[in-house]
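A short worksheet on the structure shown next.
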Amino acid sequence: MCGIFGYLGKSDAAPILIKGLKKQEYRGYDSAGIALNCDDNSLYVVKKAGRVSQLERAVDFSVKSCCGIAHTRWATHGKPSDENSHPHTSGDIAVVHNGIIENYQYLKDKLKNKGYKFNSDTDTEVIAKLIDSKYSSGTELIDAVLYAVNKLEGSFAIAVIARGVNEIICARKNSPLIVGFAKSGYYIASDIPALLEYTKKVHILKSGEVLQIKEDRAELTDFYGNKLKTEIKNIEAESSDSELSGFESYMLKEIYEIPASVNRTVTSNKDITDFLKNKKFNHIYIIGCGTAYNAGRAAESYIENWSKIKVTSTLASEFRYDTRLCDKNSLAVFITQSGETADTLEALKAAKECGAYCLAITNVENSSITHIADKSLFTKAGPEIAVASTKAYCCQVALLTLFAAGFAKAGGNNELFDEVCSELLLETNRISEYLEKQNVSILAEKYKDTKSVFFIGRGRDYPLAEEGSLKFKEITYISSEGYAAGELKHGTIALMDKNALVVAIVTKSDMVDKIVNAVCEVRARGAKVVVLSTLEVEARFKDISDDVIIVNGGKFPTIAAVVPLQLFAYYTAKIKGLDADKPRNLAKSVTVE
Ligand code: G6P
């Protein structure tokens with residue numbers, strides 16, 4: 001949710017900033033801007049509604065500067081427009097911001113009383129004016145920033161420059177911010193992959209830290225100016241992990257990376273439940289947002305089966321209002337690809353207040369959640385750039401399935417754990433085979449004009465149906481719903497006619513008869529039907545459906561079954577000429593509540 005990039009060094013800043021924004025465009029892409037502290041002591045600011053490529057066309061690359069900040073936005077306060085784009089300026093100050101300033105109206109009113117005029121509808125503009133209100137009266141830039149951050153409520157990662165001062169000041173409260181240290185200079189970004197091209201040495205700012213970056217040194221303090229020591233970490237990832245590598249889009253590339261990333265996730269998490277030894281829980285909560293929530297639900301039945309403990313899956317944004325039964329005997333498992341989702345972080349804080357043991361399952365080492373959870377386990381999906389999650393979801397389901405089997409292991413049943421491990425690894429081979437021969441684009445072409453799609457399933461296939469639907473609607477903009485197949489007849493069947501498409505999912509043999517019934521019922525009302533199964537059931541559905549997709553799923557087929565659903569969404573978006581990697585109104589990492 002919003003990407004920040006900054007550079008201070010010896011090279012030309014503008015091309016570096018634009019490149020940094022392009023790498024982080026998945027975080028938000030409704031507008032973008034840069035501010036350069038120019039060699040001739042002027043401040044050069046360009047900001048534009050639209051994609052980074054539009055900004056790039058507007059930037060004068062002959063402007064000389066080795067110090068600048070940049071931003072790609074996902075609008076919260078104020079519509080996407082040139083005025084509301086970042087950087088926001090006031091006098092000599094320019095600021096980029098990720099997060100939400102909750103007391104901005106109060107601060108705005110006070111600043112207006114002091115004579116400040118506002119040019120945008122954003123919360124961010126108050127930060128620029130607040131800093132300027134001190135800086136313009138002769139205060140050092142660092143002191144003016146410290147003054148401002150202590151007045152701000154809410155969440156923020158900011159980078160600030162001032163005309164004619166060769167330094168960048170960044171500060172963080174909640175929203176992520178990372179600084180890379182390289183021979184060629186200092187690089188600031190909202191995520192690590194954006195920095196990897198330049199350096200693997202980074203300091204991840206903690207909430208409450210301020211870093212003053214000058215040409216020859218960087219000084220870290222808290223919000224009160226007390227000196228702190230930077231903790232430089234060496235990052236293992238490669239910059240090529242975030243490249244397209246010949247694929248036409250990140251989403252397609254990431255679907256094709258599912259087998260390797262699930263394999264990595266399983267092999268690196270074989271001691272997954274060591275921490276369960278000597279712990280007793282009477283309730284397990286699985287909490288997440290969007291696709292991460294669906295991953296929790298997809299694995300819920302395995303966890304309940306093998307732990308014999310009641311499992312409740314909850315949306316992070318709802319959990320905070322439903323903590324009644326959460327207590328010190330509860331295990332709360334938080335699933336988040338980014339480790340930065342604001343609702344998930346807030347839910348974790350709420351669970352901690354109840355005394356629950358908090359386990360994070362995340363894809364990003366050193367992400368915010370890893371600093372507040374009692375324990376973190378890592379999926380190994382590698383960087384996921386497309387907004388719609390694909391390989392991260394599969395890794396989450398794999399890790400949760402392993403985690404579920406870990407309860408059996410903790411109870412002495414090693415055999416089951418080993419079986420689950422090897423089945424999951426076999427599943428990656430099956431998915432590779434499927435990906436080699438898949439022809440889902442034909443189905444996408446056939447059904448591209450469908451007005452509404454209903455994904456249906458029963459039992460563990462119901463969450464799968466919901467994930468299929470989420471994927472489909474978020475990138476095709478075609479209305480879709482995930483339904484429990486048995487519920488159709490209680491209302492939704494009223495929507496069935498020749499314009500509807502039903503995707504019926506069945507991965508469990510004891511559900512086949514019931515899904516046959518549902519398929520017959522919707523077909524009798526004119527709906528088209530595609531059946532997706534991991535079982536040899538083609539003969540059962542051939543005459544009662546329009547198309548049947550069979551994927552070899554093995555014993556734990558939840559991961560294999562999602563792949564055609566992801567491909568179906570992808571190819572439909574592609575055929576409709578849509579940008580599957582960057583769907584409208586969405587962002588990859590949602591760092592606001
Ligand atoms: C956004 C993304 C989804 C993701 C959700 C949760 O909505 O578009 O793909 O599932 O956030 O993100 P997290 O990083 O917590 O898994």
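By order in the structure tokens, chains are A, B, ...; within a chain, residues start at 1; ligands start at 1, following the order shown.
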
_Which residues are near Gly20 (chain A)? Cut-off 10 Å, only C-alpha atoms, ignore same chain within fewer than 4 positions. Put them as a list in words._
Gly3, Ile4, Phe5, Gly6, Tyr7, Ala14, Pro15, Ile16, Gln24, Glu25, Ala70, His71, Thr72, Tyr187, Ile188, Ala189, Ser190, Pro193, Ala194, Leu195 and Glu197 of chain A

Write out the residues from the selection above, keeping N, CA, C and O atoms, as a JSON list (two decimals), in the first residue's frame.
[["chain", "number", "residue", "atom", "x", "y", "z"],
["A", 3, "GLY", "N", 4.20, 2.81, -2.30],
["A", 3, "GLY", "CA", 5.63, 2.46, -2.31],
["A", 3, "GLY", "C", 6.45, 3.72, -2.21],
["A", 3, "GLY", "O", 6.16, 4.73, -2.87],
["A", 4, "ILE", "N", 7.47, 3.68, -1.35],
["A", 4, "ILE", "CA", 8.38, 4.82, -1.20],
["A", 4, "ILE", "C", 9.73, 4.39, -1.75],
["A", 4, "ILE", "O", 10.17, 3.26, -1.51],
["A", 5, "PHE", "N", 10.41, 5.29, -2.45],
["A", 5, "PHE", "CA", 11.79, 5.03, -2.82],
["A", 5, "PHE", "C", 12.58, 6.32, -2.62],
["A", 5, "PHE", "O", 12.05, 7.42, -2.82],
["A", 6, "GLY", "N", 13.81, 6.19, -2.17],
["A", 6, "GLY", "CA", 14.65, 7.36, -1.97],
["A", 6, "GLY", "C", 16.08, 7.02, -2.33],
["A", 6, "GLY", "O", 16.49, 5.85, -2.27],
["A", 7, "TYR", "N", 16.85, 8.04, -2.71],
["A", 7, "TYR", "CA", 18.27, 7.80, -3.02],
["A", 7, "TYR", "C", 19.10, 9.02, -2.65],
["A", 7, "TYR", "O", 18.71, 10.16, -2.92],
["A", 14, "ALA", "N", 17.29, 10.67, -10.52],
["A", 14, "ALA", "CA", 15.98, 10.49, -11.17],
["A", 14, "ALA", "C", 15.77, 9.09, -11.76],
["A", 14, "ALA", "O", 14.75, 8.43, -11.47],
["A", 15, "PRO", "N", 16.72, 8.57, -12.58],
["A", 15, "PRO", "CA", 16.46, 7.22, -13.14],
["A", 15, "PRO", "C", 16.40, 6.15, -12.06],
["A", 15, "PRO", "O", 15.63, 5.19, -12.19],
["A", 16, "ILE", "N", 17.19, 6.33, -11.00],
["A", 16, "ILE", "CA", 17.17, 5.34, -9.91],
["A", 16, "ILE", "C", 15.80, 5.36, -9.22],
["A", 16, "ILE", "O", 15.22, 4.32, -8.90],
["A", 24, "GLN", "N", 8.18, -1.27, -7.19],
["A", 24, "GLN", "CA", 7.22, -1.30, -6.08],
["A", 24, "GLN", "C", 5.81, -0.91, -6.52],
["A", 24, "GLN", "O", 4.95, -0.67, -5.68],
["A", 25, "GLU", "N", 5.61, -0.85, -7.82],
["A", 25, "GLU", "CA", 4.33, -0.36, -8.32],
["A", 25, "GLU", "C", 3.17, -1.25, -7.86],
["A", 25, "GLU", "O", 2.04, -0.79, -7.72],
["A", 70, "ALA", "N", 10.69, 9.47, -3.84],
["A", 70, "ALA", "CA", 9.66, 9.16, -4.84],
["A", 70, "ALA", "C", 8.57, 8.30, -4.21],
["A", 70, "ALA", "O", 8.78, 7.69, -3.15],
["A", 71, "HIS", "N", 7.42, 8.24, -4.89],
["A", 71, "HIS", "CA", 6.25, 7.61, -4.28],
["A", 71, "HIS", "C", 5.31, 7.06, -5.34],
["A", 71, "HIS", "O", 5.10, 7.69, -6.37],
["A", 72, "THR", "N", 4.77, 5.88, -5.12],
["A", 72, "THR", "CA", 3.68, 5.39, -5.96],
["A", 72, "THR", "C", 2.51, 5.10, -5.03],
["A", 72, "THR", "O", 2.67, 4.49, -3.98],
["A", 187, "TYR", "N", 19.91, 3.85, -0.21],
["A", 187, "TYR", "CA", 18.67, 3.60, -0.94],
["A", 187, "TYR", "C", 17.57, 3.35, 0.09],
["A", 187, "TYR", "O", 17.77, 2.57, 1.03],
["A", 188, "ILE", "N", 16.42, 3.98, -0.12],
["A", 188, "ILE", "CA", 15.31, 3.81, 0.82],
["A", 188, "ILE", "C", 14.16, 3.16, 0.06],
["A", 188, "ILE", "O", 13.86, 3.57, -1.07],
["A", 189, "ALA", "N", 13.50, 2.17, 0.66],
["A", 189, "ALA", "CA", 12.36, 1.53, -0.03],
["A", 189, "ALA", "C", 11.36, 1.01, 0.98],
["A", 189, "ALA", "O", 11.66, 0.88, 2.18],
["A", 190, "SER", "N", 10.16, 0.70, 0.46],
["A", 190, "SER", "CA", 9.13, 0.11, 1.32],
["A", 190, "SER", "C", 9.28, -1.40, 1.42],
["A", 190, "SER", "O", 8.67, -2.03, 2.27],
["A", 193, "PRO", "N", 12.86, -6.36, -1.92],
["A", 193, "PRO", "CA", 13.20, -6.67, -3.31],
["A", 193, "PRO", "C", 13.58, -5.43, -4.13],
["A", 193, "PRO", "O", 14.43, -5.52, -5.01],
["A", 194, "ALA", "N", 13.00, -4.29, -3.81],
["A", 194, "ALA", "CA", 13.31, -3.07, -4.57],
["A", 194, "ALA", "C", 14.77, -2.64, -4.37],
["A", 194, "ALA", "O", 15.31, -1.87, -5.17],
["A", 195, "LEU", "N", 15.39, -3.12, -3.30],
["A", 195, "LEU", "CA", 16.77, -2.69, -2.99],
["A", 195, "LEU", "C", 17.82, -3.65, -3.50],
["A", 195, "LEU", "O", 19.00, -3.30, -3.60],
["A", 197, "GLU", "N", 18.89, -4.92, -6.18],
["A", 197, "GLU", "CA", 19.75, -4.62, -7.31],
["A", 197, "GLU", "C", 20.99, -3.82, -6.87],
["A", 197, "GLU", "O", 22.05, -3.88, -7.50]]

*Could you please extract the residues within 10 Å of ligand 1, counting only C-alpha atoms and all ligand atoms, and hand them back as a count of residues only?*
53

*asked:* Ranking A:Val502, A:Val126, A:Ala332, A:Ala410 by minimum distance to Glu481 (chain A) and counting only C-alpha atoms, which one comes first?
replied: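 Comparing A:Val502, A:Val126, A:Ala332, A:Ala410 against Glu481 (chain A), the winner is A:Val502.
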
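In terms of minimum interatomic distance to Val262 (chain A), A:Cys394 ranks closest within A:Ala356, A:Val503, A:Ile550, A:Cys394, counting only C-alpha atoms.
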
_Point-to-point distance in Å for CA of Lys277 (chain A) and CA of Leu416 (chain A)_ = 17.0 Å

*Point out the residue among A:Phe156, A:Tyr256, A:Phe568, A:Tyr44 with the least atom-to-atom distance to Leu435 (chain A), counting only C-alpha atoms.*
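Under the stated criterion, the closest residue is A:Tyr256.
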
*Close residues, Asn234 (chain A) itself excluded, 7 Å, only C-alpha atoms, min 5 positions apart in chain, as an MDAnalysis selection string*: chainID A and resid 200:202

*In Å, rounded to a single decimal, give me how far CA of Gly486 (chain A) is from CA of Ile303 (chain A).*
23.5 Å

*asked:* Can you pull out the residues contacting Cys520 (chain A)? Cut-off 9 Å, using only C-alpha atoms, and skip same-chain residues under 5 positions away; I want them as a list in words.
replied: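 Counting only the stated atoms, we get Ile515, Arg525, Ile544 and Ser545 of chain A.
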
*Expressed in Å to a single decimal, how great is the separation between CA of Phe275 (chain A) and CA of Ser367 (chain A)?*
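Pair CA of Phe275 (chain A) / CA of Ser367 (chain A) returns 20.6 Å.
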
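Residue nearest Val333 (chain A), chosen from A:Val311, A:Cys358, A:Leu111, A:Ala404 and counting only C-alpha atoms: A:Cys358.
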
*Within region 226-414 of chain A, find each residue whose DSSP state, derived from the backbone, is alpha helix (DSSP H), and express the selection as a count of residues only.*
77
